[in-house]
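> run-v1.txt (compact mmCIF, C-alpha atoms) pasted underneath:
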```txt
# COMPACT_ATOMS: atom_id res chain seq x y z
CA MET A 897 40.73 24.33 -22.33
CA LYS A 898 41.59 20.64 -22.03
CA LYS A 899 39.67 20.45 -18.76
CA SER A 900 36.53 21.95 -20.30
CA LYS A 901 36.71 19.55 -23.29
CA LEU A 902 37.17 16.65 -20.89
CA SER A 903 34.13 17.79 -18.83
CA VAL A 904 31.98 18.12 -21.94
CA GLY A 905 33.10 14.66 -23.07
CA ILE A 906 32.23 13.11 -19.70
CA ILE A 907 28.79 14.75 -19.69
CA ALA A 908 28.11 13.55 -23.26
CA ILE A 909 29.07 9.97 -22.34
CA ALA A 910 26.88 10.11 -19.23
CA LEU A 911 23.90 11.29 -21.31
CA VAL A 912 24.36 8.49 -23.83
CA ILE A 913 24.55 5.88 -21.07
CA PHE A 914 21.45 7.32 -19.39
CA THR A 915 19.48 7.29 -22.65
CA VAL A 916 20.46 3.72 -23.50
CA THR A 917 19.62 2.37 -20.05
CA SER A 918 16.49 4.43 -19.33
CA CYS A 919 14.16 1.67 -20.43
CA LYS A 920 16.30 -1.28 -19.40
CA ASP A 921 16.25 -0.43 -15.72
CA ASN A 922 12.81 -1.74 -14.87
CA LYS A 923 13.46 -2.67 -11.27
CA GLN A 924 11.58 -0.40 -8.91
CA ASP A 925 12.16 -0.36 -5.18
CA GLU A 926 9.48 -2.67 -3.78
CA LYS A 927 9.23 -0.57 -0.64
CA SER A 928 8.14 2.54 -2.57
CA ALA A 929 5.71 0.44 -4.62
CA LYS A 930 4.07 -0.80 -1.41
CA GLU A 931 3.91 2.71 0.04
CA ASP A 932 2.01 3.93 -3.02
CA HIS A 933 -0.46 1.05 -3.37
CA SER A 934 -3.31 2.29 -1.21
CA GLU A 935 -4.84 4.57 -3.86
CA MET A 936 -5.09 4.59 -7.62
CA ASN A 937 -3.53 7.71 -9.08
CA HIS A 938 -4.88 7.33 -12.56
CA ASP A 939 -4.62 9.86 -15.35
CA ASN A 940 -8.05 10.71 -16.69
CA SER A 941 -6.77 13.63 -18.76
CA ASP A 942 -8.90 12.49 -21.66
CA GLY A 943 -11.94 13.39 -19.54
CA HIS A 944 -13.79 10.08 -19.46
CA HIS A 945 -15.22 8.95 -16.12
CA ASP A 946 -13.53 11.63 -14.01
CA GLY A 947 -13.86 11.46 -10.27
CA GLU A 948 -12.04 11.39 -7.00
CA LYS A 949 -9.44 8.72 -6.24
CA LYS A 950 -11.07 5.54 -5.04
CA GLU A 951 -9.80 3.23 -2.32
CA MET A 952 -9.30 -0.34 -3.44
CA ALA A 953 -11.34 -3.08 -1.79
CA MET A 954 -9.98 -6.61 -1.45
CA ASN A 955 -12.96 -8.36 -2.98
CA GLY A 956 -14.24 -8.62 -6.52
CA ASN A 957 -17.29 -10.56 -7.68
CA GLY A 958 -17.33 -13.40 -10.18
CA ALA A 959 -18.19 -11.22 -13.17
CA SER A 960 -15.45 -8.68 -12.45
CA GLN A 961 -12.95 -11.53 -11.97
CA ALA A 962 -14.00 -13.01 -15.34
CA ILE A 963 -13.36 -9.59 -16.93
CA LEU A 964 -9.91 -9.48 -15.33
CA ASN A 965 -9.12 -13.01 -16.53
CA ASP A 966 -10.03 -12.06 -20.11
CA TYR A 967 -8.12 -8.76 -19.83
CA PHE A 968 -4.97 -10.59 -18.70
CA SER A 969 -5.30 -13.13 -21.51
CA LEU A 970 -5.56 -10.24 -23.99
CA LYS A 971 -2.53 -8.54 -22.43
CA ASP A 972 -0.54 -11.78 -22.80
CA ALA A 973 -1.53 -12.04 -26.48
CA LEU A 974 -0.22 -8.51 -27.09
CA VAL A 975 2.98 -9.32 -25.19
CA ALA A 976 3.38 -12.29 -27.57
CA ASP A 977 2.71 -10.10 -30.66
CA ASP A 978 -0.24 -12.41 -31.50
CA ASN A 979 -2.67 -10.30 -33.54
CA ALA A 980 -5.13 -13.12 -34.31
CA LYS A 981 -5.39 -14.27 -30.69
CA ALA A 982 -5.80 -10.67 -29.51
CA LYS A 983 -8.71 -10.26 -31.96
CA ASP A 984 -10.46 -13.32 -30.51
CA LEU A 985 -9.80 -12.22 -26.95
CA GLY A 986 -11.05 -8.70 -27.66
CA ALA A 987 -14.40 -10.19 -28.70
CA THR A 988 -14.42 -12.45 -25.62
CA LEU A 989 -13.68 -9.53 -23.31
CA ALA A 990 -16.47 -7.44 -24.84
CA LYS A 991 -18.94 -10.22 -23.89
CA SER A 992 -17.53 -10.54 -20.35
CA LEU A 993 -17.84 -6.80 -19.85
CA GLY A 994 -21.48 -6.94 -20.90
CA ASN A 995 -22.16 -9.53 -18.17
CA LEU A 996 -21.08 -7.30 -15.27
CA ASP A 997 -23.98 -6.99 -12.82
CA VAL A 998 -23.94 -3.50 -11.28
CA SER A 999 -27.09 -3.94 -9.15
CA ASN A 1000 -25.22 -4.34 -5.85
CA TYR A 1001 -23.37 -1.02 -6.09
CA THR A 1002 -24.39 2.46 -4.97
CA ASP A 1003 -26.17 4.73 -7.43
CA ALA A 1004 -23.01 6.75 -8.01
CA GLN A 1005 -20.97 3.57 -8.56
CA LYS A 1006 -23.59 2.26 -10.99
CA VAL A 1007 -23.30 5.42 -13.08
CA ASP A 1008 -19.49 5.20 -13.07
CA LEU A 1009 -19.47 1.48 -13.88
CA LYS A 1010 -21.93 1.86 -16.75
CA ASP A 1011 -19.75 4.60 -18.24
CA ILE A 1012 -16.57 2.55 -17.75
CA ILE A 1013 -18.09 -0.64 -19.18
CA GLU A 1014 -19.57 1.15 -22.21
CA ASP A 1015 -16.16 2.57 -23.11
CA ALA A 1016 -14.33 -0.70 -22.35
CA VAL A 1017 -16.70 -2.65 -24.62
CA GLU A 1018 -16.02 -0.16 -27.41
CA GLN A 1019 -12.25 -0.53 -26.97
CA SER A 1020 -12.51 -4.34 -26.86
CA GLU A 1021 -14.56 -4.38 -30.06
CA HIS A 1022 -11.95 -2.23 -31.81
CA ILE A 1023 -9.28 -4.67 -30.64
CA SER A 1024 -11.29 -7.54 -32.14
CA GLU A 1025 -11.27 -5.84 -35.56
CA ASN A 1026 -7.82 -4.26 -36.03
CA ASP A 1027 -4.14 -4.91 -36.65
CA ILE A 1028 -1.78 -5.13 -33.69
CA ALA A 1029 -0.65 -1.49 -33.81
CA HIS A 1030 -4.27 -0.33 -33.47
CA GLN A 1031 -4.99 -3.03 -30.91
CA ARG A 1032 -2.26 -1.58 -28.72
CA GLU A 1033 -3.67 1.94 -29.08
CA HIS A 1034 -7.07 0.73 -27.87
CA PHE A 1035 -5.48 -1.41 -25.15
CA LYS A 1036 -4.12 1.76 -23.54
CA THR A 1037 -7.63 3.17 -23.06
CA LEU A 1038 -8.99 -0.27 -22.17
CA SER A 1039 -6.38 -0.53 -19.41
CA LYS A 1040 -7.58 2.79 -17.95
CA ASP A 1041 -11.14 1.48 -18.03
CA VAL A 1042 -10.28 -1.81 -16.33
CA THR A 1043 -8.21 0.01 -13.69
CA ASP A 1044 -11.19 2.28 -12.98
CA MET A 1045 -13.48 -0.75 -12.78
CA VAL A 1046 -11.19 -2.43 -10.24
CA ALA A 1047 -11.21 0.78 -8.16
CA ILE A 1048 -14.95 0.17 -7.67
CA THR A 1049 -15.33 -3.63 -7.77
CA GLY A 1050 -12.10 -4.54 -6.02
CA THR A 1051 -9.99 -7.56 -6.80
CA ALA A 1052 -9.66 -11.00 -5.23
CA SER A 1053 -5.86 -10.97 -5.50
CA ALA A 1054 -2.98 -8.51 -5.64
CA LEU A 1055 -2.47 -6.70 -8.95
CA TYR A 1056 0.33 -4.47 -10.17
CA GLU A 1057 -0.14 -1.30 -12.15
CA GLN A 1058 2.84 -1.14 -14.51
CA PHE A 1059 4.09 1.77 -16.57
CA CYS A 1060 5.94 2.15 -19.87
CA PRO A 1061 7.42 5.65 -20.28
CA MET A 1062 8.12 5.12 -23.98
CA TYR A 1063 4.69 4.28 -25.47
CA ASP A 1064 2.46 7.22 -26.44
CA GLY A 1065 3.86 9.63 -23.85
CA GLY A 1066 3.63 7.04 -21.08
CA SER A 1067 1.13 4.19 -20.74
CA THR A 1068 -0.03 1.90 -17.95
CA TRP A 1069 -1.48 -1.59 -17.77
CA LEU A 1070 -2.40 -4.11 -15.08
CA SER A 1071 -0.56 -7.33 -14.32
CA ARG A 1072 -0.93 -10.20 -11.87
CA SER A 1073 2.85 -10.52 -11.71
CA LYS A 1074 5.64 -8.16 -10.65
CA GLU A 1075 7.52 -9.21 -13.78
CA VAL A 1076 7.32 -6.50 -16.44
CA LEU A 1077 6.25 -7.86 -19.83
CA ASN A 1078 5.30 -4.95 -22.06
CA PRO A 1079 2.06 -5.35 -24.09
CA TYR A 1080 2.67 -2.12 -26.04
CA TYR A 1081 5.96 -3.19 -27.61
CA GLY A 1082 5.98 -6.97 -27.22
CA SER A 1083 9.24 -8.53 -28.41
CA LYS A 1084 10.65 -5.15 -29.52
CA MET A 1085 11.03 -3.91 -25.93
CA LEU A 1086 9.67 -6.73 -23.82
CA THR A 1087 10.86 -5.56 -20.40
CA CYS A 1088 10.48 -1.80 -20.90
CA GLY A 1089 8.65 -0.42 -17.89
CA ASN A 1090 8.35 -0.58 -14.13
CA ILE A 1091 5.85 -1.17 -11.34
CA LYS A 1092 3.95 2.02 -10.64
CA LYS A 1093 2.03 0.65 -7.67
CA GLN A 1094 0.59 -2.47 -6.10
CA ILE A 1095 -3.18 -2.80 -5.80
CA ASN A 1096 -4.03 -4.65 -2.57
```
Taking this structure as input, can you express it in the form of structure tokens?


Amino acid sequence: MKKSKLSVGIIAIALVIFTVTSCKDNKQDEKSAKEDHSEMNHDNSDGHHDGEKKEMAMNGNGASQAILNDYFSLKDALVADDNAKAKDLGATLAKSLGNLDVSNYTDAQKVDLKDIIEDAVEQSEHISENDIAHQREHFKTLSKDVTDMVAITGTASALYEQFCPMYDGGSTWLSRSKEVLNPYYGSKMLTCGNIKKQIN
């Protein structure tokens, strides 16, 4: 009887420790991240712009790079819990998205990009008009859109797709840095997450 109580106690302690540390352990093995980086495995369960996985190209034109720059500025504002700055950057990003020239892509890519950009503009406009909780909700979908855009346009430098298991059933975002700074929780859980894969 004592042994069974001791076993139950040890299991209970182990579960508590696992729960407490589940979001603090954000270090992923770099080797596995590099092994996974060749393709985007992106959840389109909401049904918008479905399609096969796309190989990443190490390029990216000026307009797509401007979109990425504005996206990363917006991400940083959410990391900093800065609602007002995120509003301004949402409006800026909506304009940058509207400037993407799709004329040099294949017909299929043009259709995909137009769909992606239309949705991303809508998300950016919502971000420019809402409080930070709603901004973060729209940032989740915006991040899917930008990731899909990069799958077609490529990127001039390495990016990291990062993942937070805690926000809204699991949410991703893009970062230029391996360091995890969570835009969905900001200062509440700043380092919650890990690197899902490297792009390029």

> Using all atoms listed in the file, which of A:Tyr1063, A:Gln1058, A:Asp1041, A:Val1017 sits nearest Asn1090 in chain A?

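Going through A:Tyr1063, A:Gln1058, A:Asp1041, A:Val1017 one by one, the smallest distance to Asn1090 in chain A is for A:Gln1058.
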
> Compare A:Thr1068, A:Gln1005, A:Ala959, A:Val998 by their minimum atom-to-atom distance to Thr1051 in chain A, counting all atoms listed in the file, and give me the closest one.

A:Ala959

> Which residue out of A:Lys971, A:Arg1072, A:Lys1084, A:Lys983 has the minimum interatomic distance to Ser1039 in chain A when all atoms listed in the file are used?

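The closest residue to Ser1039 in chain A is A:Lys971.
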
> Would you mind telling me which residue in A:Val975, A:Asp984, A:Asp1027, A:Ser960 lies nearest to Gly1050 in chain A when using only C-alpha atoms?

A:Ser960

> Using all atoms listed in the file, pick whichever of A:Leu1055, A:Ser1073, A:Tyr1001, A:Gly1066 has the shortest atom-to-atom distance to Gln1094 in chain A.

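Checking each of A:Leu1055, A:Ser1073, A:Tyr1001, A:Gly1066 against Gln1094 in chain A, counting all atoms listed in the file, the winner is A:Leu1055.
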
> May I ask for the distance between CA of Tyr1080 in chain A and CA of Phe1059 in chain A, given in Å to one decimal place?

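Going from CA of Tyr1080 in chain A over to CA of Phe1059 in chain A covers 10.3 Å.
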
> Counting only C-alpha atoms, which residue out of A:Met1085, A:Leu1009, A:Asp997, A:Lys1092 sits closest to Val1046 in chain A?

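With only C-alpha atoms as the atom set, the closest residue is A:Leu1009.
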
> Measure the distance from CA of Ser1024 in chain A to CA of Ala987 in chain A in Å and round it to one decimal.

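Atom-to-atom, CA of Ser1024 in chain A and CA of Ala987 in chain A are spaced 5.3 Å apart.
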
> Just give me the gap between CA of Asp1008 in chain A and CA of His1022 in chain A in Å, one decimal is fine.

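Calculated distance between CA of Asp1008 in chain A and CA of His1022 in chain A is 21.5 Å.
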
> Find the smallest box with edges along x, y and z containing every listed atom of range 981-985 of chain A, then add 8 Å on each side and report centre and edge lengths in Å to one decimal, as lines of an AutoDock Vina configuration file.


```
center_x = -7.9
center_y = -12.3
center_z = -29.5
size_x = 21.1
size_y = 20.0
size_z = 21.0
```

> Give me, as a tab-separated table (two decimals) with C-alpha atoms, in the frame of the given file, all polymer residues having an atom no more than 8 Å from Leu1086 in chain A, counting all atoms listed in the file and skipping those fewer than 6 positions away in the same chain.


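Generated output (result-v1.tsv):
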```
chain	number	residue	atom	x	y	z
A	975	VAL	CA	2.98	-9.32	-25.19
A	1076	VAL	CA	7.32	-6.50	-16.44
A	1077	LEU	CA	6.25	-7.86	-19.83
A	1078	ASN	CA	5.30	-4.95	-22.06
A	1079	PRO	CA	2.06	-5.35	-24.09
```

> Using only C-alpha atoms, determine which residues lie at most 10 Å from Tyr1081 in chain A, disregarding the query and same-chain residues fewer than 6 positions distant; provide the list as a list in words.

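Within the cut-off, the hits are Leu974, Val975, Ala976, Asp977, Ala1029, Arg1032, Cys1060, Met1062, Tyr1063, Thr1087 and Cys1088 of chain A.
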
> Atoms are missing here; could range 995-1006 of chain A be completed with all heavy atoms and written as a JSON list (two decimals), in the frame of the given file?


```json
[["chain", "number", "residue", "atom", "x", "y", "z"],
["A", 995, "ASN", "N", -21.53, -8.70, -19.21],
["A", 995, "ASN", "CA", -22.16, -9.53, -18.17],
["A", 995, "ASN", "C", -21.98, -8.98, -16.76],
["A", 995, "ASN", "O", -22.44, -9.60, -15.79],
["A", 995, "ASN", "CB", -21.57, -10.95, -18.21],
["A", 995, "ASN", "CG", -21.99, -11.70, -19.46],
["A", 995, "ASN", "OD1", -23.06, -11.45, -20.01],
["A", 995, "ASN", "ND2", -21.15, -12.63, -19.91],
["A", 996, "LEU", "N", -21.31, -7.84, -16.61],
["A", 996, "LEU", "CA", -21.08, -7.30, -15.27],
["A", 996, "LEU", "C", -22.41, -6.81, -14.67],
["A", 996, "LEU", "O", -23.07, -5.95, -15.23],
["A", 996, "LEU", "CB", -20.06, -6.15, -15.31],
["A", 996, "LEU", "CG", -19.71, -5.57, -13.93],
["A", 996, "LEU", "CD1", -18.97, -6.62, -13.09],
["A", 996, "LEU", "CD2", -18.85, -4.32, -14.08],
["A", 997, "ASP", "N", -22.76, -7.38, -13.53],
["A", 997, "ASP", "CA", -23.98, -6.99, -12.82],
["A", 997, "ASP", "C", -23.64, -5.84, -11.87],
["A", 997, "ASP", "O", -22.84, -6.00, -10.95],
["A", 997, "ASP", "CB", -24.50, -8.20, -12.04],
["A", 997, "ASP", "CG", -25.77, -7.89, -11.26],
["A", 997, "ASP", "OD1", -26.34, -6.78, -11.44],
["A", 997, "ASP", "OD2", -26.19, -8.75, -10.46],
["A", 998, "VAL", "N", -24.24, -4.68, -12.10],
["A", 998, "VAL", "CA", -23.94, -3.50, -11.28],
["A", 998, "VAL", "C", -25.00, -3.26, -10.21],
["A", 998, "VAL", "O", -24.94, -2.26, -9.49],
["A", 998, "VAL", "CB", -23.78, -2.24, -12.16],
["A", 998, "VAL", "CG1", -22.65, -2.42, -13.17],
["A", 998, "VAL", "CG2", -25.08, -1.88, -12.86],
["A", 999, "SER", "N", -25.94, -4.17, -10.05],
["A", 999, "SER", "CA", -27.09, -3.94, -9.15],
["A", 999, "SER", "C", -26.72, -3.81, -7.68],
["A", 999, "SER", "O", -27.45, -3.19, -6.91],
["A", 999, "SER", "CB", -28.13, -5.06, -9.32],
["A", 999, "SER", "OG", -27.57, -6.31, -8.96],
["A", 1000, "ASN", "N", -25.60, -4.37, -7.26],
["A", 1000, "ASN", "CA", -25.22, -4.34, -5.85],
["A", 1000, "ASN", "C", -24.37, -3.13, -5.46],
["A", 1000, "ASN", "O", -23.87, -3.06, -4.34],
["A", 1000, "ASN", "CB", -24.46, -5.61, -5.47],
["A", 1000, "ASN", "CG", -25.35, -6.84, -5.53],
["A", 1000, "ASN", "OD1", -26.54, -6.77, -5.24],
["A", 1000, "ASN", "ND2", -24.79, -7.96, -5.93],
["A", 1001, "TYR", "N", -24.20, -2.20, -6.37],
["A", 1001, "TYR", "CA", -23.37, -1.02, -6.09],
["A", 1001, "TYR", "C", -24.25, 0.19, -5.80],
["A", 1001, "TYR", "O", -25.46, 0.18, -6.07],
["A", 1001, "TYR", "CB", -22.44, -0.76, -7.28],
["A", 1001, "TYR", "CG", -21.46, -1.89, -7.51],
["A", 1001, "TYR", "CD1", -21.73, -2.88, -8.46],
["A", 1001, "TYR", "CD2", -20.29, -1.99, -6.76],
["A", 1001, "TYR", "CE1", -20.85, -3.93, -8.66],
["A", 1001, "TYR", "CE2", -19.41, -3.05, -6.96],
["A", 1001, "TYR", "CZ", -19.69, -4.01, -7.91],
["A", 1001, "TYR", "OH", -18.83, -5.05, -8.09],
["A", 1002, "THR", "N", -23.65, 1.22, -5.24],
["A", 1002, "THR", "CA", -24.39, 2.46, -4.97],
["A", 1002, "THR", "C", -24.80, 3.11, -6.29],
["A", 1002, "THR", "O", -24.25, 2.77, -7.35],
["A", 1002, "THR", "CB", -23.53, 3.46, -4.17],
["A", 1002, "THR", "OG1", -22.45, 3.90, -5.01],
["A", 1002, "THR", "CG2", -22.98, 2.83, -2.90],
["A", 1003, "ASP", "N", -25.71, 4.05, -6.21],
["A", 1003, "ASP", "CA", -26.17, 4.73, -7.43],
["A", 1003, "ASP", "C", -25.02, 5.42, -8.16],
["A", 1003, "ASP", "O", -24.92, 5.34, -9.39],
["A", 1003, "ASP", "CB", -27.27, 5.75, -7.10],
["A", 1003, "ASP", "CG", -28.59, 5.08, -6.71],
["A", 1003, "ASP", "OD1", -28.74, 3.88, -7.00],
["A", 1003, "ASP", "OD2", -29.45, 5.76, -6.13],
["A", 1004, "ALA", "N", -24.15, 6.06, -7.40],
["A", 1004, "ALA", "CA", -23.01, 6.75, -8.01],
["A", 1004, "ALA", "C", -22.06, 5.75, -8.67],
["A", 1004, "ALA", "O", -21.56, 5.99, -9.77],
["A", 1004, "ALA", "CB", -22.26, 7.56, -6.96],
["A", 1005, "GLN", "N", -21.84, 4.61, -7.99],
["A", 1005, "GLN", "CA", -20.97, 3.57, -8.56],
["A", 1005, "GLN", "C", -21.59, 2.96, -9.82],
["A", 1005, "GLN", "O", -20.87, 2.66, -10.78],
["A", 1005, "GLN", "CB", -20.70, 2.48, -7.52],
["A", 1005, "GLN", "CG", -19.78, 2.93, -6.41],
["A", 1005, "GLN", "CD", -19.66, 1.88, -5.31],
["A", 1005, "GLN", "OE1", -20.60, 1.11, -5.04],
["A", 1005, "GLN", "NE2", -18.51, 1.82, -4.67],
["A", 1006, "LYS", "N", -22.91, 2.80, -9.81],
["A", 1006, "LYS", "CA", -23.59, 2.26, -10.99],
["A", 1006, "LYS", "C", -23.37, 3.17, -12.20],
["A", 1006, "LYS", "O", -23.08, 2.69, -13.30],
["A", 1006, "LYS", "CB", -25.09, 2.13, -10.73],
["A", 1006, "LYS", "CG", -25.48, 0.98, -9.82],
["A", 1006, "LYS", "CD", -26.97, 1.00, -9.56],
["A", 1006, "LYS", "CE", -27.35, -0.05, -8.53],
["A", 1006, "LYS", "NZ", -28.77, 0.01, -8.17]]
```
